[in-house]
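Peer 1: See data.cif below, with mmCIF, C-alpha atoms.
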data_start
#
loop_
_atom_site.label_atom_id
_atom_site.label_comp_id
_atom_site.auth_asym_id
_atom_site.auth_seq_id
_atom_site.Cartn_x
_atom_site.Cartn_y
_atom_site.Cartn_z
CA MET A 1 -3.51 -13.07 45.33
CA HIS A 2 -3.41 -13.65 41.58
CA ILE A 3 -6.08 -12.00 39.44
CA VAL A 4 -6.83 -11.27 35.80
CA GLU A 5 -7.34 -7.56 35.18
CA ILE A 6 -8.31 -5.37 32.25
CA SER A 7 -5.25 -3.23 31.49
CA SER A 8 -7.28 -0.91 29.24
CA PRO A 9 -10.45 -1.26 27.16
CA GLY A 10 -9.82 -3.31 24.06
CA ALA A 11 -9.30 -6.72 22.47
CA PRO A 12 -8.82 -9.94 24.47
CA GLU A 13 -5.09 -9.22 24.75
CA VAL A 14 -5.80 -6.46 27.31
CA LEU A 15 -6.58 -9.18 29.86
CA ARG A 16 -3.44 -9.83 31.86
CA PRO A 17 -2.40 -11.66 35.05
CA ALA A 18 -1.70 -9.36 38.00
CA GLN A 19 -1.58 -9.40 41.78
CA ARG A 20 -3.67 -7.60 44.36
CA PRO A 21 -4.32 -7.86 48.10
CA VAL A 22 -6.83 -10.48 49.21
CA PRO A 23 -10.19 -8.72 49.77
CA GLN A 24 -11.86 -8.77 53.17
CA ALA A 25 -15.43 -9.93 53.75
CA GLY A 26 -17.69 -7.42 55.47
CA VAL A 27 -21.07 -7.66 57.18
CA GLY A 28 -23.31 -10.11 55.35
CA GLU A 29 -20.44 -11.32 53.18
CA LEU A 30 -18.05 -14.25 52.91
CA LEU A 31 -14.67 -14.82 51.29
CA ILE A 32 -14.32 -17.65 48.78
CA ARG A 33 -11.01 -19.32 47.88
CA VAL A 34 -11.79 -19.65 44.19
CA SER A 35 -11.19 -22.83 42.20
CA ALA A 36 -13.03 -21.81 39.03
CA SER A 37 -14.52 -18.67 37.49
CA GLY A 38 -17.20 -18.64 34.81
CA ILE A 39 -16.81 -16.55 31.64
CA ASN A 40 -19.86 -14.58 30.50
CA ARG A 41 -20.81 -12.18 27.74
CA PRO A 42 -20.95 -9.19 30.16
CA ASP A 43 -17.25 -9.82 30.90
CA VAL A 44 -16.53 -9.25 27.21
CA LEU A 45 -18.59 -6.06 27.22
CA GLN A 46 -16.74 -4.83 30.32
CA ARG A 47 -13.39 -5.61 28.69
CA THR A 48 -14.29 -3.53 25.64
CA GLY A 49 -15.47 -0.60 27.75
CA ASN A 50 -19.16 -1.11 27.02
CA TYR A 51 -20.41 -2.28 30.42
CA PRO A 52 -19.61 0.11 33.28
CA VAL A 53 -18.85 -1.48 36.64
CA PRO A 54 -21.66 -0.83 39.16
CA ALA A 55 -20.84 1.53 42.01
CA GLY A 56 -19.01 -0.30 44.78
CA ALA A 57 -18.20 -3.40 42.71
CA SER A 58 -14.68 -4.61 41.95
CA ASP A 59 -13.21 -3.53 38.62
CA VAL A 60 -11.81 -7.06 38.25
CA PRO A 61 -14.07 -8.87 35.75
CA GLY A 62 -15.99 -12.04 36.56
CA LEU A 63 -19.57 -12.54 37.73
CA GLU A 64 -19.55 -16.13 38.99
CA VAL A 65 -17.18 -18.31 40.99
CA ALA A 66 -16.97 -21.61 42.82
CA GLY A 67 -14.68 -22.68 45.61
CA VAL A 68 -14.40 -23.02 49.39
CA ILE A 69 -15.54 -20.57 52.05
CA GLU A 70 -12.40 -19.16 53.67
CA SER A 71 -13.96 -16.72 56.16
CA GLY A 72 -16.88 -14.38 56.58
CA ASP A 73 -19.83 -13.13 58.63
CA VAL A 74 -20.43 -16.15 60.86
CA SER A 75 -23.99 -15.25 61.85
CA ALA A 76 -25.05 -14.50 58.26
CA MET A 77 -23.50 -17.76 57.11
CA ALA A 78 -25.22 -19.71 59.89
CA GLU A 79 -28.57 -18.24 58.94
CA ALA A 80 -27.98 -19.42 55.37
CA GLY A 81 -26.87 -22.87 56.51
CA LEU A 82 -23.25 -22.28 55.49
CA LYS A 83 -19.91 -22.38 57.31
CA VAL A 84 -16.19 -22.02 56.74
CA GLY A 85 -14.92 -24.94 54.64
CA ASP A 86 -18.15 -25.45 52.69
CA ARG A 87 -17.99 -25.64 48.90
CA VAL A 88 -20.14 -22.94 47.33
CA CYS A 89 -20.81 -21.19 44.06
CA ALA A 90 -21.75 -17.53 43.97
CA LEU A 91 -23.08 -14.75 41.79
CA VAL A 92 -21.01 -11.59 42.24
CA ALA A 93 -21.11 -8.07 40.81
CA GLY A 94 -17.41 -8.25 39.93
CA GLY A 95 -14.11 -9.65 41.13
CA GLY A 96 -14.60 -13.21 39.90
CA TYR A 97 -11.37 -13.52 37.91
CA ALA A 98 -9.33 -13.90 41.09
CA GLN A 99 -8.02 -16.49 43.54
CA TYR A 100 -10.14 -14.97 46.29
CA CYS A 101 -13.52 -13.31 45.89
CA VAL A 102 -15.95 -11.66 48.32
CA ALA A 103 -19.64 -12.49 47.81
CA PRO A 104 -22.82 -11.57 49.65
CA VAL A 105 -23.95 -14.58 51.66
CA GLY A 106 -27.42 -14.39 50.09
CA GLN A 107 -25.95 -14.82 46.62
CA CYS A 108 -24.10 -18.03 47.51
CA LEU A 109 -25.41 -21.54 46.98
CA PRO A 110 -23.96 -24.88 48.02
CA VAL A 111 -22.25 -26.77 45.21
CA PRO A 112 -24.85 -29.33 44.09
CA LYS A 113 -23.97 -32.87 45.13
CA GLY A 114 -21.91 -34.66 42.50
CA LEU A 115 -20.64 -31.52 40.73
CA SER A 116 -17.05 -30.36 40.39
CA ASP A 117 -16.06 -26.77 41.11
CA VAL A 118 -15.66 -26.18 37.37
CA GLU A 119 -19.23 -27.32 36.80
CA ALA A 120 -20.49 -25.31 39.77
CA ALA A 121 -18.76 -22.14 38.54
CA SER A 122 -20.76 -22.39 35.32
CA LEU A 123 -24.10 -22.16 37.13
CA PRO A 124 -24.78 -18.84 38.88
CA GLU A 125 -24.86 -16.20 36.14
CA THR A 126 -26.98 -18.20 33.70
CA PHE A 127 -29.22 -19.87 36.27
CA PHE A 128 -29.97 -16.63 38.12
CA THR A 129 -30.62 -14.90 34.78
CA VAL A 130 -32.90 -17.59 33.36
CA TRP A 131 -34.91 -17.98 36.55
CA SER A 132 -35.38 -14.23 36.98
CA ASN A 133 -36.38 -13.57 33.38
CA VAL A 134 -38.12 -16.71 32.15
CA PHE A 135 -39.91 -17.75 35.32
CA ASP A 136 -40.28 -14.55 37.36
CA ARG A 137 -40.72 -11.85 34.71
CA ALA A 138 -42.17 -13.90 31.83
CA ARG A 139 -44.06 -16.35 34.08
CA LEU A 140 -43.46 -19.42 31.88
CA GLN A 141 -45.94 -22.12 32.84
CA THR A 142 -46.06 -25.88 32.45
CA GLY A 143 -47.44 -26.70 29.01
CA GLU A 144 -46.43 -23.40 27.41
CA THR A 145 -43.89 -22.95 24.60
CA LEU A 146 -40.60 -21.09 25.06
CA LEU A 147 -38.53 -19.76 22.15
CA VAL A 148 -34.85 -19.27 23.06
CA GLN A 149 -32.69 -17.18 20.77
CA GLY A 150 -29.13 -18.54 20.87
CA GLY A 151 -29.86 -22.00 22.21
CA SER A 152 -26.20 -23.11 22.27
CA SER A 153 -25.02 -20.22 24.47
CA GLY A 154 -24.52 -20.55 28.22
CA ILE A 155 -27.90 -18.92 28.76
CA GLY A 156 -29.44 -21.08 26.06
CA VAL A 157 -28.33 -24.47 27.36
CA THR A 158 -29.55 -23.45 30.82
CA ALA A 159 -32.92 -22.24 29.55
CA ILE A 160 -33.46 -25.43 27.52
CA GLN A 161 -32.89 -27.73 30.46
CA MET A 162 -34.66 -25.66 33.08
CA ALA A 163 -37.76 -25.09 30.96
CA LYS A 164 -37.97 -28.75 29.94
CA ALA A 165 -37.53 -29.96 33.51
CA LEU A 166 -40.37 -27.68 34.60
CA GLY A 167 -42.77 -28.88 31.89
CA ALA A 168 -42.50 -26.48 28.94
CA THR A 169 -42.01 -27.11 25.23
CA VAL A 170 -38.77 -25.54 24.00
CA ILE A 171 -37.89 -24.20 20.55
CA VAL A 172 -34.42 -22.74 20.02
CA THR A 173 -32.49 -20.97 17.31
CA ALA A 174 -28.81 -21.61 16.62
CA GLY A 175 -26.33 -20.75 13.88
CA SER A 176 -25.40 -24.19 12.54
CA ASP A 177 -26.84 -27.65 12.12
CA ASP A 178 -24.30 -28.99 14.63
CA LYS A 179 -25.38 -26.48 17.23
CA CYS A 180 -29.02 -27.30 16.55
CA ALA A 181 -28.26 -30.99 17.08
CA ALA A 182 -26.50 -30.19 20.36
CA CYS A 183 -29.55 -28.26 21.57
CA VAL A 184 -31.88 -31.14 20.74
CA ALA A 185 -29.54 -33.52 22.56
CA LEU A 186 -29.92 -31.32 25.64
CA GLY A 187 -33.69 -31.58 25.47
CA ALA A 188 -34.94 -28.91 23.07
CA ASP A 189 -38.05 -30.09 21.25
CA HIS A 190 -37.12 -28.23 18.08
CA ALA A 191 -34.03 -26.35 16.87
CA ILE A 192 -34.06 -23.85 13.99
CA ASN A 193 -30.90 -22.97 12.06
CA TYR A 194 -31.51 -19.24 11.70
CA LYS A 195 -28.98 -19.02 8.86
CA THR A 196 -30.97 -21.36 6.63
CA HIS A 197 -34.55 -20.99 7.91
CA ASP A 198 -36.87 -18.15 8.87
CA PHE A 199 -37.45 -18.65 12.59
CA VAL A 200 -40.79 -16.78 12.43
CA ALA A 201 -42.23 -19.15 9.83
CA GLU A 202 -40.78 -22.17 11.58
CA ALA A 203 -42.07 -21.13 15.02
CA MET A 204 -45.56 -20.63 13.62
CA ARG A 205 -45.42 -23.98 11.80
CA LEU A 206 -44.20 -25.82 14.87
CA THR A 207 -46.96 -24.36 17.02
CA GLY A 208 -49.75 -24.92 14.50
CA ASP A 209 -49.93 -21.16 13.84
CA LYS A 210 -50.66 -20.47 17.51
CA GLY A 211 -47.28 -18.85 18.19
CA VAL A 212 -44.95 -19.12 21.16
CA ASP A 213 -45.90 -18.08 24.67
CA VAL A 214 -42.53 -16.76 25.84
CA VAL A 215 -39.44 -15.53 23.98
CA LEU A 216 -36.03 -15.22 25.63
CA ASP A 217 -34.15 -12.72 23.47
CA MET A 218 -30.42 -11.91 23.66
CA VAL A 219 -30.39 -10.13 20.29
CA ALA A 220 -32.99 -7.30 20.25
CA GLY A 221 -32.53 -5.01 17.24
CA ASP A 222 -34.56 -6.18 14.26
CA TYR A 223 -35.32 -9.48 16.01
CA VAL A 224 -38.00 -7.79 18.13
CA ALA A 225 -40.35 -7.23 15.18
CA ARG A 226 -39.93 -10.82 14.07
CA GLU A 227 -40.53 -12.13 17.58
CA VAL A 228 -43.70 -10.09 17.94
CA ALA A 229 -44.90 -11.68 14.69
CA CYS A 230 -44.56 -15.25 16.03
CA MET A 231 -45.96 -14.81 19.54
CA ALA A 232 -49.20 -16.30 20.81
CA GLU A 233 -51.99 -14.30 22.42
CA ASP A 234 -50.91 -13.02 25.84
CA GLY A 235 -47.31 -13.84 24.88
CA ARG A 236 -44.35 -12.42 26.79
CA LEU A 237 -41.07 -11.27 25.25
CA VAL A 238 -38.16 -10.72 27.64
CA ILE A 239 -35.00 -9.03 26.37
CA ILE A 240 -31.77 -9.71 28.30
CA ALA A 241 -29.12 -8.44 25.86
CA VAL A 242 -28.86 -6.27 22.78
CA GLN A 243 -26.28 -7.99 20.59
CA GLY A 244 -28.28 -6.95 17.52
CA GLY A 245 -28.61 -3.31 18.52
CA VAL A 246 -30.66 -1.16 20.89
CA LYS A 247 -33.19 0.17 18.37
CA SER A 248 -36.22 -1.84 17.24
CA GLU A 249 -39.31 -1.20 15.15
CA PHE A 250 -42.28 -3.56 15.46
CA ASN A 251 -45.96 -3.84 14.68
CA ALA A 252 -47.65 -2.21 17.66
CA GLY A 253 -51.00 -3.37 16.29
CA LEU A 254 -49.99 -6.98 16.92
CA VAL A 255 -48.97 -6.07 20.46
CA LEU A 256 -52.44 -4.62 21.03
CA ARG A 257 -54.46 -7.36 19.35
CA ARG A 258 -52.54 -10.23 20.92
CA ARG A 259 -52.15 -8.51 24.32
CA LEU A 260 -48.39 -8.99 24.25
CA THR A 261 -45.93 -8.00 26.97
CA ILE A 262 -42.45 -6.76 26.06
CA THR A 263 -40.08 -6.49 29.00
CA GLY A 264 -36.41 -6.77 29.86
CA SER A 265 -33.91 -6.59 32.66
CA THR A 266 -30.26 -6.47 33.68
CA LEU A 267 -29.25 -8.43 36.76
CA ARG A 268 -25.84 -7.04 37.71
CA PRO A 269 -26.98 -3.72 39.28
CA ARG A 270 -29.93 -5.17 41.20
CA PRO A 271 -29.70 -5.18 45.02
CA VAL A 272 -28.49 -8.13 47.07
CA SER A 273 -32.00 -8.72 48.40
CA PHE A 274 -33.32 -9.22 44.86
CA LYS A 275 -30.57 -11.68 43.94
CA ALA A 276 -30.91 -13.49 47.26
CA ALA A 277 -34.58 -14.14 46.51
CA ILE A 278 -33.58 -15.72 43.19
CA ALA A 279 -31.00 -17.85 45.01
CA ARG A 280 -33.67 -19.15 47.39
CA ASN A 281 -35.90 -20.12 44.47
CA LEU A 282 -33.03 -21.87 42.71
CA ARG A 283 -32.13 -23.81 45.84
CA GLU A 284 -35.73 -24.91 46.32
CA HIS A 285 -36.81 -25.61 42.75
CA VAL A 286 -33.72 -26.18 40.60
CA TRP A 287 -30.88 -27.52 42.76
CA PRO A 288 -32.80 -30.78 43.40
CA LEU A 289 -33.16 -31.21 39.63
CA ILE A 290 -29.41 -30.79 39.18
CA GLU A 291 -28.66 -33.29 41.93
CA ALA A 292 -31.13 -35.73 40.36
CA GLY A 293 -29.34 -35.42 37.02
CA ARG A 294 -32.31 -33.85 35.22
CA ILE A 295 -30.34 -30.66 34.61
CA ARG A 296 -26.59 -30.76 34.03
CA PRO A 297 -23.89 -28.17 33.49
CA VAL A 298 -22.58 -28.00 29.94
CA ILE A 299 -18.88 -27.13 29.87
CA HIS A 300 -17.37 -26.43 26.47
CA SER A 301 -13.81 -25.48 27.50
CA THR A 302 -11.63 -24.59 30.47
CA PHE A 303 -8.61 -22.29 30.49
CA ASP A 304 -5.80 -21.85 33.03
CA ALA A 305 -6.18 -18.46 34.67
CA ALA A 306 -2.47 -18.42 35.57
CA SER A 307 -1.43 -18.67 31.93
CA ALA A 308 -0.42 -15.38 30.35
CA ASP A 309 -2.95 -15.97 27.56
CA GLY A 310 -5.53 -18.07 29.39
CA ALA A 311 -8.23 -15.46 29.95
CA ALA A 312 -7.60 -13.86 26.57
CA SER A 313 -8.02 -17.24 24.86
CA ALA A 314 -11.27 -17.78 26.75
CA HIS A 315 -12.59 -14.42 25.56
CA ARG A 316 -11.53 -15.08 21.98
CA LEU A 317 -13.49 -18.33 22.06
CA MET A 318 -16.57 -16.58 23.43
CA GLU A 319 -16.39 -13.91 20.74
CA SER A 320 -16.02 -16.56 18.05
CA ASN A 321 -19.44 -17.99 18.97
CA GLN A 322 -18.09 -21.48 18.30
CA HIS A 323 -18.82 -22.82 21.77
CA VAL A 324 -21.78 -24.83 23.02
CA GLY A 325 -22.31 -24.21 26.73
CA LYS A 326 -20.00 -22.54 29.21
CA ILE A 327 -16.35 -21.43 29.22
CA VAL A 328 -14.54 -21.55 32.59
CA LEU A 329 -11.25 -20.29 34.04
CA THR A 330 -9.49 -22.57 36.53
CA TRP A 331 -7.22 -21.51 39.38
CA SER A 332 -4.58 -24.14 40.15
CA LEU A 333 -1.90 -21.92 41.69
#
Translate this file's structure into structure tokens.
Peer 2:
Amino acid sequence: MHIVEISSPGAPEVLRPAQRPVPQAGVGELLIRVSASGINRPDVLQRTGNYPVPAGASDVPGLEVAGVIESGDVSAMAEAGLKVGDRVCALVAGGGYAQYCVAPVGQCLPVPKGLSDVEAASLPETFFTVWSNVFDRARLQTGETLLVQGGSSGIGVTAIQMAKALGATVIVTAGSDDKCAACVALGADHAINYKTHDFVAEAMRLTGDKGVDVVLDMVAGDYVAREVACMAEDGRLVIIAVQGGVKSEFNAGLVLRRRLTITGSTLRPRPVSFKAAIARNLREHVWPLIEAGRIRPVIHSTFDAASADGAASAHRLMESNQHVGKIVLTWSL
């Protein structure tokens, strides 16, 4: 099969087409003939040598795919309501930049009615991440306010739509007026251009000095202190990436007085059982919203995986931060 591999840690140019044997599905697994593979920030970190592959996972990058079930554990598939020939999307721990990919049955979901494989491939990584962190860990409730750092990212556009569909008020930050406008068009109640406005002051103004209930943070670093300053009593801050650095200083007195919770998580190394539980929640609570058109995939660009520069171009776009929504590789070989 054709794959895209990392020849050595480095710039996007280290991504190159290659060939490997088709993997075999084991117990509790299925094999997907891949039509599309989502691009995510962890792929970039893996390419640069800053995100070690979990034990037992493929060294081929890629954490989400969509396509057709080719084979697999028949009994496990039957229990999940799946069978050979079904269109599915899946969250995987690696191996997604390939024509064929093995996935645990519990981490597979049917392609929502009306969606293409490209759209479906853009769902798993961000939807699993947002559900796990915003709704499970941070316990966002109907009527509360969510602040999303990086509202135009793949995570951001997912968080906006999911939180709005489930009854929250959403404030986002983004790096340009155009990106802010795109976030509002997707349903955000307010968008703050962090390059021209202080998001702390704006968040407090927009909430009548109450502060926000939940913050979804992909930056960390010096953002943590600023987020603590604009959180409501009993607020919850969940950190899912550290693009701004791993070290933070903040006012611990505010944490005490406002009874704040600061938490975080990484999804990739968690066990299949944990991810399968998220998949069940998504299928019950979110997939109907997608099929009803209340939540929609946002695809910025697609790239041909077979092209010598396709994956590298996709990574360059992600690193440029010029995209709104998801970037997807397509397999047309």
Peer 1: Return as a PyMOL selection string the set of residues that the PyMOL selection byres ((chain A and resi 172-183) around 6) yields on the displayed structure.
Peer 2: chain A and resi 147-151+171+184-186+188+191-195
Peer 1: Quick one: apply the PyMOL selection byres ((chain A and resi 5-19) around 8) to the file and drop the selected residues here as a list in words.
Peer 2: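 Applying the PyMOL selection byres ((chain A and resi 5-19) around 8) to the structure shown produces Met1, His2, Ile3, Val4, Arg20, Pro21, Gln46, Arg47, Thr48, Gly49, Asp59, Val60, Pro61, Tyr97, Ala305, Ala306, Ser307, Ala308, Asp309, Ala311, Ala312, Ser313, His315 and Arg316 of chain A.
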Peer 1: Do you have the atom CA of A:Phe250-atom CA of A:Ile155 distance handy?
Peer 2: 24.9 Å
Peer 1: Find the residue from A:Lys275, A:Arg268, A:Arg259, A:His300 that sits nearest to A:Ala93; use all atoms listed in the file when measuring.
Peer 2: A:Arg268
Peer 1: My list of candidates is A:Ala241, A:Gly253, A:Ala121, A:Leu115. Which is closest to A:Met218 when distances are computed with all atoms listed in the file?
Peer 2: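 Looking at the shortest contact to A:Met218, the residue is A:Ala241.
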Peer 1: Determine the residue set returned by the PyMOL selection byres ((chain A and resi 120) around 12) for the present structure, and present it as JSON, numbers by chain.
Peer 2: {"A": [34, 35, 36, 37, 38, 64, 65, 66, 67, 68, 87, 88, 89, 90, 91, 108, 109, 110, 111, 112, 113, 114, 115, 116, 117, 118, 119, 121, 122, 123, 124, 125, 126, 127, 287, 290, 291, 296, 297, 298, 299, 326, 327, 328, 329, 330]}
Peer 1: What is the distance between atom CA of A:Val134 and atom CA of A:Val212, in Å to one decimal?
Peer 2: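 Interatomic distance here is 13.2 Å.
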Peer 1: What's around stretch 226-239 of chain A at 6 Å? Count all atoms listed in the file, leave out sequence neighbours fewer than 2 positions away in its own chain, and write the answer as a list in words.
Peer 2: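 So the residues in contact are Ala138, Val200, Met204, Lys210, Gly211, Val212, Asp213, Val214, Val215, Leu216, Asp217, Tyr223, Val224, Ala241, Arg258, Arg259, Leu260, Thr261, Ile262, Thr263 and Gly264 of chain A.
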Peer 1: Hey, can you spit out that residue selection with C-alpha atoms as a PDB file, in the frame of the given file?
Peer 2:
ATOM      1  CA  ALA A 138     -42.170 -13.900  31.830  1.00  0.00           C
ATOM      2  CA  VAL A 200     -40.790 -16.780  12.430  1.00  0.00           C
ATOM      3  CA  MET A 204     -45.560 -20.630  13.620  1.00  0.00           C
ATOM      4  CA  LYS A 210     -50.660 -20.470  17.510  1.00  0.00           C
ATOM      5  CA  GLY A 211     -47.280 -18.850  18.190  1.00  0.00           C
ATOM      6  CA  VAL A 212     -44.950 -19.120  21.160  1.00  0.00           C
ATOM      7  CA  ASP A 213     -45.900 -18.080  24.670  1.00  0.00           C
ATOM      8  CA  VAL A 214     -42.530 -16.760  25.840  1.00  0.00           C
ATOM      9  CA  VAL A 215     -39.440 -15.530  23.980  1.00  0.00           C
ATOM     10  CA  LEU A 216     -36.030 -15.220  25.630  1.00  0.00           C
ATOM     11  CA  ASP A 217     -34.150 -12.720  23.470  1.00  0.00           C
ATOM     12  CA  TYR A 223     -35.320  -9.480  16.010  1.00  0.00           C
ATOM     13  CA  VAL A 224     -38.000  -7.790  18.130  1.00  0.00           C
ATOM     14  CA  ALA A 241     -29.120  -8.440  25.860  1.00  0.00           C
ATOM     15  CA  ARG A 258     -52.540 -10.230  20.920  1.00  0.00           C
ATOM     16  CA  ARG A 259     -52.150  -8.510  24.320  1.00  0.00           C
ATOM     17  CA  LEU A 260     -48.390  -8.990  24.250  1.00  0.00           C
ATOM     18  CA  THR A 261     -45.930  -8.000  26.970  1.00  0.00           C
ATOM     19  CA  ILE A 262     -42.450  -6.760  26.060  1.00  0.00           C
ATOM     20  CA  THR A 263     -40.080  -6.490  29.000  1.00  0.00           C
ATOM     21  CA  GLY A 264     -36.410  -6.770  29.860  1.00  0.00           C
TER      22      GLY A 264
END
Peer 1: Mind giving me the straight-line distance from atom CA of A:Ile278 to atom CA of A:Gly106 in Å, one decimal?
Peer 2: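 If I compute the distance from atom CA of A:Ile278 to atom CA of A:Gly106, I get 9.3 Å.
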Peer 1: Can you work out which one of A:Ala98, A:Ile32, A:Leu63, A:Ala103 has the shortest atom-to-atom distance to A:Val84, counting only C-alpha atoms?
Peer 2: A:Ile32
Peer 1: Taking into account all atoms listed in the file, which residue in the set A:Gln107, A:Asn133, A:Asn321, A:Thr142 is nearest to A:Pro271?
Peer 2: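 Of A:Gln107, A:Asn133, A:Asn321, A:Thr142, the one nearest A:Pro271 is A:Gln107, counting all atoms listed in the file.
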Peer 1: Taking 3 positions as the minimum chain separation for residues in the same chain, which residues sit within 12 Å of A:Leu289 when counting only C-alpha atoms? Answer as number ranges by chain.
Peer 2: A: 112-113, 161-166, 282-286, 292-297
Peer 1: Nearest residue to A:Ser71 out of A:Ile39, A:Val27, A:Ala57, A:Val92, using all atoms listed in the file?
Peer 2: A:Val27
Peer 1: Could I see stretch 288-302 of chain A restored to N, CA, C and O atoms, set down as a PDB file, in the coordinates of the input?
Peer 2:
ATOM      1  N   PRO A 288     -32.448 -29.348  43.360  1.00  0.00           N
ATOM      2  CA  PRO A 288     -32.800 -30.780  43.400  1.00  0.00           C
ATOM      3  C   PRO A 288     -32.800 -31.429  42.015  1.00  0.00           C
ATOM      4  O   PRO A 288     -32.468 -32.620  41.890  1.00  0.00           O
ATOM      5  N   LEU A 289     -33.164 -30.665  40.985  1.00  0.00           N
ATOM      6  CA  LEU A 289     -33.160 -31.210  39.630  1.00  0.00           C
ATOM      7  C   LEU A 289     -31.742 -31.453  39.139  1.00  0.00           C
ATOM      8  O   LEU A 289     -31.478 -32.419  38.415  1.00  0.00           O
ATOM      9  N   ILE A 290     -30.807 -30.581  39.534  1.00  0.00           N
ATOM     10  CA  ILE A 290     -29.410 -30.790  39.180  1.00  0.00           C
ATOM     11  C   ILE A 290     -28.874 -32.037  39.881  1.00  0.00           C
ATOM     12  O   ILE A 290     -28.227 -32.896  39.276  1.00  0.00           O
ATOM     13  N   GLU A 291     -29.172 -32.156  41.170  1.00  0.00           N
ATOM     14  CA  GLU A 291     -28.660 -33.290  41.930  1.00  0.00           C
ATOM     15  C   GLU A 291     -29.285 -34.610  41.483  1.00  0.00           C
ATOM     16  O   GLU A 291     -28.677 -35.673  41.629  1.00  0.00           O
ATOM     17  N   ALA A 292     -30.473 -34.526  40.890  1.00  0.00           N
ATOM     18  CA  ALA A 292     -31.130 -35.730  40.360  1.00  0.00           C
ATOM     19  C   ALA A 292     -30.676 -36.045  38.941  1.00  0.00           C
ATOM     20  O   ALA A 292     -31.095 -37.061  38.363  1.00  0.00           O
ATOM     21  N   GLY A 293     -29.839 -35.190  38.365  1.00  0.00           N
ATOM     22  CA  GLY A 293     -29.340 -35.420  37.020  1.00  0.00           C
ATOM     23  C   GLY A 293     -30.274 -34.989  35.915  1.00  0.00           C
ATOM     24  O   GLY A 293     -30.007 -35.244  34.732  1.00  0.00           O
ATOM     25  N   ARG A 294     -31.362 -34.295  36.248  1.00  0.00           N
ATOM     26  CA  ARG A 294     -32.310 -33.850  35.220  1.00  0.00           C
ATOM     27  C   ARG A 294     -31.852 -32.569  34.539  1.00  0.00           C
ATOM     28  O   ARG A 294     -32.308 -32.240  33.441  1.00  0.00           O
ATOM     29  N   ILE A 295     -30.988 -31.825  35.193  1.00  0.00           N
ATOM     30  CA  ILE A 295     -30.340 -30.660  34.610  1.00  0.00           C
ATOM     31  C   ILE A 295     -28.846 -30.823  34.865  1.00  0.00           C
ATOM     32  O   ILE A 295     -28.438 -31.172  35.968  1.00  0.00           O
ATOM     33  N   ARG A 296     -28.026 -30.577  33.838  1.00  0.00           N
ATOM     34  CA  ARG A 296     -26.590 -30.760  34.030  1.00  0.00           C
ATOM     35  C   ARG A 296     -25.835 -29.575  33.446  1.00  0.00           C
ATOM     36  O   ARG A 296     -26.262 -28.979  32.441  1.00  0.00           O
ATOM     37  N   PRO A 297     -24.731 -29.207  34.073  1.00  0.00           N
ATOM     38  CA  PRO A 297     -23.890 -28.170  33.490  1.00  0.00           C
ATOM     39  C   PRO A 297     -23.319 -28.633  32.156  1.00  0.00           C
ATOM     40  O   PRO A 297     -23.018 -29.805  31.983  1.00  0.00           O
ATOM     41  N   VAL A 298     -23.173 -27.694  31.243  1.00  0.00           N
ATOM     42  CA  VAL A 298     -22.580 -28.000  29.940  1.00  0.00           C
ATOM     43  C   VAL A 298     -21.319 -27.159  29.808  1.00  0.00           C
ATOM     44  O   VAL A 298     -21.374 -25.945  29.631  1.00  0.00           O
ATOM     45  N   ILE A 299     -20.160 -27.814  29.925  1.00  0.00           N
ATOM     46  CA  ILE A 299     -18.880 -27.130  29.870  1.00  0.00           C
ATOM     47  C   ILE A 299     -18.251 -27.361  28.500  1.00  0.00           C
ATOM     48  O   ILE A 299     -17.984 -28.506  28.128  1.00  0.00           O
ATOM     49  N   HIS A 300     -18.016 -26.290  27.781  1.00  0.00           N
ATOM     50  CA  HIS A 300     -17.370 -26.430  26.470  1.00  0.00           C
ATOM     51  C   HIS A 300     -15.859 -26.487  26.611  1.00  0.00           C
ATOM     52  O   HIS A 300     -15.208 -27.364  26.033  1.00  0.00           O
ATOM     53  N   SER A 301     -15.270 -25.555  27.376  1.00  0.00           N
ATOM     54  CA  SER A 301     -13.810 -25.480  27.500  1.00  0.00           C
ATOM     55  C   SER A 301     -13.420 -24.875  28.834  1.00  0.00           C
ATOM     56  O   SER A 301     -14.171 -24.078  29.407  1.00  0.00           O
ATOM     57  N   THR A 302     -12.229 -25.244  29.314  1.00  0.00           N
ATOM     58  CA  THR A 302     -11.630 -24.590  30.470  1.00  0.00           C
ATOM     59  C   THR A 302     -10.278 -24.011  30.069  1.00  0.00           C
ATOM     60  O   THR A 302      -9.607 -24.540  29.176  1.00  0.00           O
TER      61      THR A 302
END
